[in-house]
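Just start.pdb here, PDB, C-alpha atoms, pLDDT in the B column:
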ATOM      1  CA  MET A   1       0.000   0.000   0.000  1.00 82.00           C
ATOM      2  CA  ALA A   2       1.393   3.378  -0.976  1.00 83.00           C
ATOM      3  CA  PRO A   3       1.604   5.972   1.807  1.00 85.00           C
ATOM      4  CA  PHE A   4      -0.913   8.789   1.560  1.00 89.00           C
ATOM      5  CA  VAL A   5      -0.506  10.769   4.795  1.00 91.00           C
ATOM      6  CA  PRO A   6       2.041  13.598   4.537  1.00 94.00           C
ATOM      7  CA  LYS A   7       4.926  13.336   7.038  1.00 94.00           C
ATOM      8  CA  ARG A   8       3.913  16.612   8.701  1.00 95.00           C
ATOM      9  CA  LEU A   9       0.566  15.044   9.660  1.00 95.00           C
ATOM     10  CA  GLU A  10       2.083  11.887  11.122  1.00 94.00           C
ATOM     11  CA  PRO A  11       1.560  12.938  14.783  1.00 91.00           C
ATOM     12  CA  VAL A  12      -2.117  13.682  14.105  1.00 94.00           C
ATOM     13  CA  ALA A  13      -2.593  10.408  12.198  1.00 95.00           C
ATOM     14  CA  PHE A  14      -0.853   8.547  15.035  1.00 93.00           C
ATOM     15  CA  GLY A  15      -3.178  10.173  17.581  1.00 95.00           C
ATOM     16  CA  LEU A  16      -6.233   9.397  15.460  1.00 96.00           C
ATOM     17  CA  LEU A  17      -5.343   5.704  15.117  1.00 96.00           C
ATOM     18  CA  LEU A  18      -4.135   5.238  18.685  1.00 95.00           C
ATOM     19  CA  SER A  19      -7.146   6.942  20.239  1.00 97.00           C
ATOM     20  CA  GLY A  20      -9.520   5.092  17.926  1.00 97.00           C
ATOM     21  CA  MET A  21      -8.100   1.668  18.729  1.00 97.00           C
ATOM     22  CA  MET A  22      -7.735   2.239  22.462  1.00 97.00           C
ATOM     23  CA  SER A  23     -11.197   3.769  22.850  1.00 98.00           C
ATOM     24  CA  LEU A  24     -12.657   0.881  20.825  1.00 98.00           C
ATOM     25  CA  LEU A  25     -11.122  -1.672  23.192  1.00 98.00           C
ATOM     26  CA  VAL A  26     -11.888   0.156  26.427  1.00 97.00           C
ATOM     27  CA  SER A  27     -15.446   1.083  25.460  1.00 97.00           C
ATOM     28  CA  GLY A  28     -16.080  -2.498  24.344  1.00 97.00           C
ATOM     29  CA  LEU A  29     -14.954  -3.900  27.660  1.00 97.00           C
ATOM     30  CA  SER A  30     -16.837  -1.265  29.644  1.00 97.00           C
ATOM     31  CA  THR A  31     -20.001  -1.770  27.604  1.00 97.00           C
ATOM     32  CA  ALA A  32     -19.803  -5.564  28.001  1.00 97.00           C
ATOM     33  CA  LEU A  33     -19.405  -5.202  31.762  1.00 97.00           C
ATOM     34  CA  ALA A  34     -22.253  -2.689  32.003  1.00 95.00           C
ATOM     35  CA  VAL A  35     -24.894  -4.278  29.760  1.00 94.00           C
ATOM     36  CA  GLY A  36     -23.593  -7.750  28.997  1.00 95.00           C
ATOM     37  CA  LEU A  37     -23.310  -9.350  25.592  1.00 95.00           C
ATOM     38  CA  SER A  38     -27.008  -8.950  24.807  1.00 89.00           C
ATOM     39  CA  GLY A  39     -28.588  -8.415  21.412  1.00 91.00           C
ATOM     40  CA  ASP A  40     -28.275  -4.642  21.859  1.00 94.00           C
ATOM     41  CA  PHE A  41     -24.554  -4.811  22.670  1.00 96.00           C
ATOM     42  CA  ALA A  42     -23.301  -3.637  19.249  1.00 96.00           C
ATOM     43  CA  GLY A  43     -25.450  -0.493  19.281  1.00 96.00           C
ATOM     44  CA  PHE A  44     -24.486   0.382  22.847  1.00 97.00           C
ATOM     45  CA  TRP A  45     -20.816  -0.246  22.039  1.00 97.00           C
ATOM     46  CA  LEU A  46     -20.886   1.905  18.900  1.00 97.00           C
ATOM     47  CA  ARG A  47     -22.440   4.844  20.767  1.00 97.00           C
ATOM     48  CA  ALA A  48     -19.990   4.435  23.662  1.00 97.00           C
ATOM     49  CA  TRP A  49     -17.036   4.155  21.294  1.00 97.00           C
ATOM     50  CA  LEU A  50     -17.886   7.217  19.230  1.00 97.00           C
ATOM     51  CA  SER A  51     -18.389   9.413  22.281  1.00 96.00           C
ATOM     52  CA  SER A  52     -15.214   8.021  23.877  1.00 97.00           C
ATOM     53  CA  TRP A  53     -13.226   8.623  20.703  1.00 97.00           C
ATOM     54  CA  ALA A  54     -14.465  12.214  20.559  1.00 97.00           C
ATOM     55  CA  VAL A  55     -12.778  12.755  23.944  1.00 97.00           C
ATOM     56  CA  ALA A  56      -9.783  10.450  23.442  1.00 97.00           C
ATOM     57  CA  PHE A  57      -8.525  11.929  20.164  1.00 97.00           C
ATOM     58  CA  PRO A  58      -7.960  15.500  21.350  1.00 96.00           C
ATOM     59  CA  ALA A  59      -6.710  14.159  24.695  1.00 96.00           C
ATOM     60  CA  VAL A  60      -4.020  12.098  22.941  1.00 96.00           C
ATOM     61  CA  LEU A  61      -2.954  15.107  20.886  1.00 95.00           C
ATOM     62  CA  VAL A  62      -2.550  17.180  24.056  1.00 95.00           C
ATOM     63  CA  VAL A  63      -1.029  14.495  26.293  1.00 95.00           C
ATOM     64  CA  ALA A  64       1.388  12.844  23.817  1.00 93.00           C
ATOM     65  CA  PRO A  65       3.925  15.716  23.782  1.00 92.00           C
ATOM     66  CA  LEU A  66       3.919  15.759  27.593  1.00 96.00           C
ATOM     67  CA  VAL A  67       4.535  12.011  27.724  1.00 95.00           C
ATOM     68  CA  ARG A  68       7.403  12.348  25.218  1.00 93.00           C
ATOM     69  CA  ARG A  69       9.043  15.032  27.410  1.00 96.00           C
ATOM     70  CA  ILE A  70       8.664  12.871  30.516  1.00 97.00           C
ATOM     71  CA  LEU A  71      10.154   9.880  28.710  1.00 96.00           C
ATOM     72  CA  ARG A  72      13.140  11.925  27.524  1.00 95.00           C
ATOM     73  CA  ARG A  73      13.901  12.603  31.193  1.00 96.00           C
ATOM     74  CA  ILE A  74      13.461   9.080  32.548  1.00 97.00           C
ATOM     75  CA  VAL A  75      14.733   6.789  29.758  1.00 96.00           C
ATOM     76  CA  ILE A  76      18.437   5.962  29.789  1.00 95.00           C
ATOM     77  CA  PRO A  77      19.938   6.634  26.330  1.00 88.00           C
ATOM     78  CA  GLY A  78      20.993   3.705  24.297  1.00 80.00           C
TER      79      GLY A  78
END
Could you show the structure in this file as structure tokens?
Amino acid sequence: MAPFVPKRLEPVAFGLLLSGMMSLLVSGLSTALAVGLSGDFAGFWLRAWLSSWAVAFPAVLVVAPLVRRILRRIVIPG
């Protein structure tokens, strides 16, 4: 597959994918624990995931630079 995201947008694309995947997993687990694996599970999960992703994506964009700075201070170089 040929790349199609410009290099300058890599941090945003990373945040979009990371937040999407993590919110999908966490909302799925939370939804399953809250309502069980009933016939309505998929609809509940989709609504929970989309609202979670709406919060997670901007949060990742804000928090990621902070985490990188912290890691630069605590990780022993090579």
field: Separation of CA of Leu16 in chain A from CA of Pro3 in chain A in Å
entry: 16.1 Å
Residue IDs satisfying the PyMOL selection byres ((chain A and resi 6-13) around 12), as a PDB file with C-alpha atoms, in the coordinates of the input:
ATOM      1  CA  ALA A   2       1.393   3.378  -0.976  1.00 83.00           C
ATOM      2  CA  PRO A   3       1.604   5.972   1.807  1.00 85.00           C
ATOM      3  CA  PHE A   4      -0.913   8.789   1.560  1.00 89.00           C
ATOM      4  CA  VAL A   5      -0.506  10.769   4.795  1.00 91.00           C
ATOM      5  CA  PHE A  14      -0.853   8.547  15.035  1.00 93.00           C
ATOM      6  CA  GLY A  15      -3.178  10.173  17.581  1.00 95.00           C
ATOM      7  CA  LEU A  16      -6.233   9.397  15.460  1.00 96.00           C
ATOM      8  CA  LEU A  17      -5.343   5.704  15.117  1.00 96.00           C
ATOM      9  CA  LEU A  18      -4.135   5.238  18.685  1.00 95.00           C
ATOM     10  CA  SER A  19      -7.146   6.942  20.239  1.00 97.00           C
ATOM     11  CA  GLY A  20      -9.520   5.092  17.926  1.00 97.00           C
ATOM     12  CA  PHE A  57      -8.525  11.929  20.164  1.00 97.00           C
ATOM     13  CA  PRO A  58      -7.960  15.500  21.350  1.00 96.00           C
ATOM     14  CA  ALA A  59      -6.710  14.159  24.695  1.00 96.00           C
ATOM     15  CA  VAL A  60      -4.020  12.098  22.941  1.00 96.00           C
ATOM     16  CA  LEU A  61      -2.954  15.107  20.886  1.00 95.00           C
ATOM     17  CA  VAL A  62      -2.550  17.180  24.056  1.00 95.00           C
ATOM     18  CA  VAL A  63      -1.029  14.495  26.293  1.00 95.00           C
ATOM     19  CA  ALA A  64       1.388  12.844  23.817  1.00 93.00           C
ATOM     20  CA  PRO A  65       3.925  15.716  23.782  1.00 92.00           C
ATOM     21  CA  ARG A  68       7.403  12.348  25.218  1.00 93.00           C
TER      22      ARG A  68
END
- request: Spell out the residues picked by the PyMOL selection byres ((chain A and resi 52) around 12) here, as a list in words.
  value: Ser19, Gly20, Met21, Met22, Ser23, Leu24, Leu25, Val26, Ser27, Gly28, Ser30, Thr31, Trp45, Leu46, Arg47, Ala48, Trp49, Leu50, Ser51, Trp53, Ala54, Val55, Ala56, Phe57, Pro58, Ala59 and Val60 of chain A
Between CA of Gly43 in chain A and CA of Leu29 in chain A, distance in Å (one decimal):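 Separation between CA of Gly43 in chain A and CA of Leu29 in chain A: 13.9 Å.
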Using the partial input, fill out range 26-58 of chain A with N, CA and C atoms; write the result as a short mmCIF file (atom, residue, chain, number, x, y, z; two decimals), in the frame of the given file.
data_model
loop_
_atom_site.label_atom_id
_atom_site.label_comp_id
_atom_site.auth_asym_id
_atom_site.auth_seq_id
_atom_site.Cartn_x
_atom_site.Cartn_y
_atom_site.Cartn_z
N VAL A 26 -11.43 -0.19 25.08
CA VAL A 26 -11.89 0.16 26.43
C VAL A 26 -13.41 0.30 26.47
N SER A 27 -13.99 0.93 25.46
CA SER A 27 -15.45 1.08 25.46
C SER A 27 -16.13 -0.27 25.27
N GLY A 28 -15.51 -1.16 24.50
CA GLY A 28 -16.08 -2.50 24.34
C GLY A 28 -16.11 -3.26 25.65
N LEU A 29 -15.01 -3.22 26.37
CA LEU A 29 -14.95 -3.90 27.66
C LEU A 29 -15.94 -3.27 28.65
N SER A 30 -15.94 -1.96 28.72
CA SER A 30 -16.84 -1.26 29.64
C SER A 30 -18.30 -1.53 29.31
N THR A 31 -18.62 -1.51 28.02
CA THR A 31 -20.00 -1.77 27.60
C THR A 31 -20.40 -3.20 27.94
N ALA A 32 -19.51 -4.16 27.68
CA ALA A 32 -19.80 -5.56 28.00
C ALA A 32 -20.03 -5.75 29.50
N LEU A 33 -19.23 -5.09 30.31
CA LEU A 33 -19.40 -5.20 31.76
C LEU A 33 -20.69 -4.53 32.23
N ALA A 34 -21.07 -3.44 31.57
CA ALA A 34 -22.25 -2.69 32.00
C ALA A 34 -23.56 -3.32 31.54
N VAL A 35 -23.62 -3.79 30.30
CA VAL A 35 -24.89 -4.28 29.76
C VAL A 35 -24.87 -5.75 29.37
N GLY A 36 -23.70 -6.36 29.41
CA GLY A 36 -23.59 -7.75 29.00
C GLY A 36 -23.55 -7.88 27.49
N LEU A 37 -23.40 -9.10 27.03
CA LEU A 37 -23.31 -9.35 25.59
C LEU A 37 -24.70 -9.67 25.03
N SER A 38 -25.62 -8.77 25.25
CA SER A 38 -27.01 -8.95 24.81
C SER A 38 -27.13 -8.62 23.32
N GLY A 39 -28.33 -8.73 22.81
CA GLY A 39 -28.59 -8.41 21.41
C GLY A 39 -28.36 -6.95 21.08
N ASP A 40 -28.47 -6.08 22.07
CA ASP A 40 -28.28 -4.64 21.86
C ASP A 40 -26.83 -4.20 22.05
N PHE A 41 -25.94 -5.14 22.34
CA PHE A 41 -24.55 -4.81 22.67
C PHE A 41 -23.89 -3.96 21.60
N ALA A 42 -24.01 -4.35 20.33
CA ALA A 42 -23.30 -3.64 19.25
C ALA A 42 -23.72 -2.17 19.18
N GLY A 43 -24.99 -1.88 19.31
CA GLY A 43 -25.45 -0.49 19.28
C GLY A 43 -24.95 0.32 20.46
N PHE A 44 -25.02 -0.29 21.65
CA PHE A 44 -24.49 0.38 22.85
C PHE A 44 -22.99 0.65 22.70
N TRP A 45 -22.27 -0.36 22.20
CA TRP A 45 -20.82 -0.25 22.04
C TRP A 45 -20.48 0.85 21.03
N LEU A 46 -21.17 0.88 19.91
CA LEU A 46 -20.89 1.90 18.90
C LEU A 46 -21.09 3.31 19.47
N ARG A 47 -22.20 3.51 20.17
CA ARG A 47 -22.44 4.84 20.77
C ARG A 47 -21.37 5.18 21.81
N ALA A 48 -21.02 4.20 22.64
CA ALA A 48 -19.99 4.43 23.66
C ALA A 48 -18.64 4.72 23.01
N TRP A 49 -18.33 3.97 21.96
CA TRP A 49 -17.04 4.16 21.29
C TRP A 49 -16.92 5.53 20.64
N LEU A 50 -17.96 5.93 19.92
CA LEU A 50 -17.89 7.22 19.23
C LEU A 50 -17.77 8.38 20.21
N SER A 51 -18.50 8.33 21.30
CA SER A 51 -18.39 9.41 22.28
C SER A 51 -17.04 9.35 23.00
N SER A 52 -16.54 8.16 23.25
CA SER A 52 -15.21 8.02 23.88
C SER A 52 -14.12 8.53 22.95
N TRP A 53 -14.24 8.20 21.68
CA TRP A 53 -13.23 8.62 20.70
C TRP A 53 -13.21 10.14 20.56
N ALA A 54 -14.38 10.76 20.66
CA ALA A 54 -14.46 12.21 20.56
C ALA A 54 -13.68 12.89 21.69
N VAL A 55 -13.56 12.23 22.82
CA VAL A 55 -12.78 12.76 23.94
C VAL A 55 -11.33 12.29 23.83
N ALA A 56 -11.13 11.04 23.45
CA ALA A 56 -9.78 10.45 23.44
C ALA A 56 -8.87 11.09 22.40
N PHE A 57 -9.38 11.40 21.22
CA PHE A 57 -8.52 11.93 20.16
C PHE A 57 -7.88 13.26 20.55
N PRO A 58 -8.65 14.27 20.94
CA PRO A 58 -7.96 15.50 21.35
C PRO A 58 -7.09 15.31 22.60
#
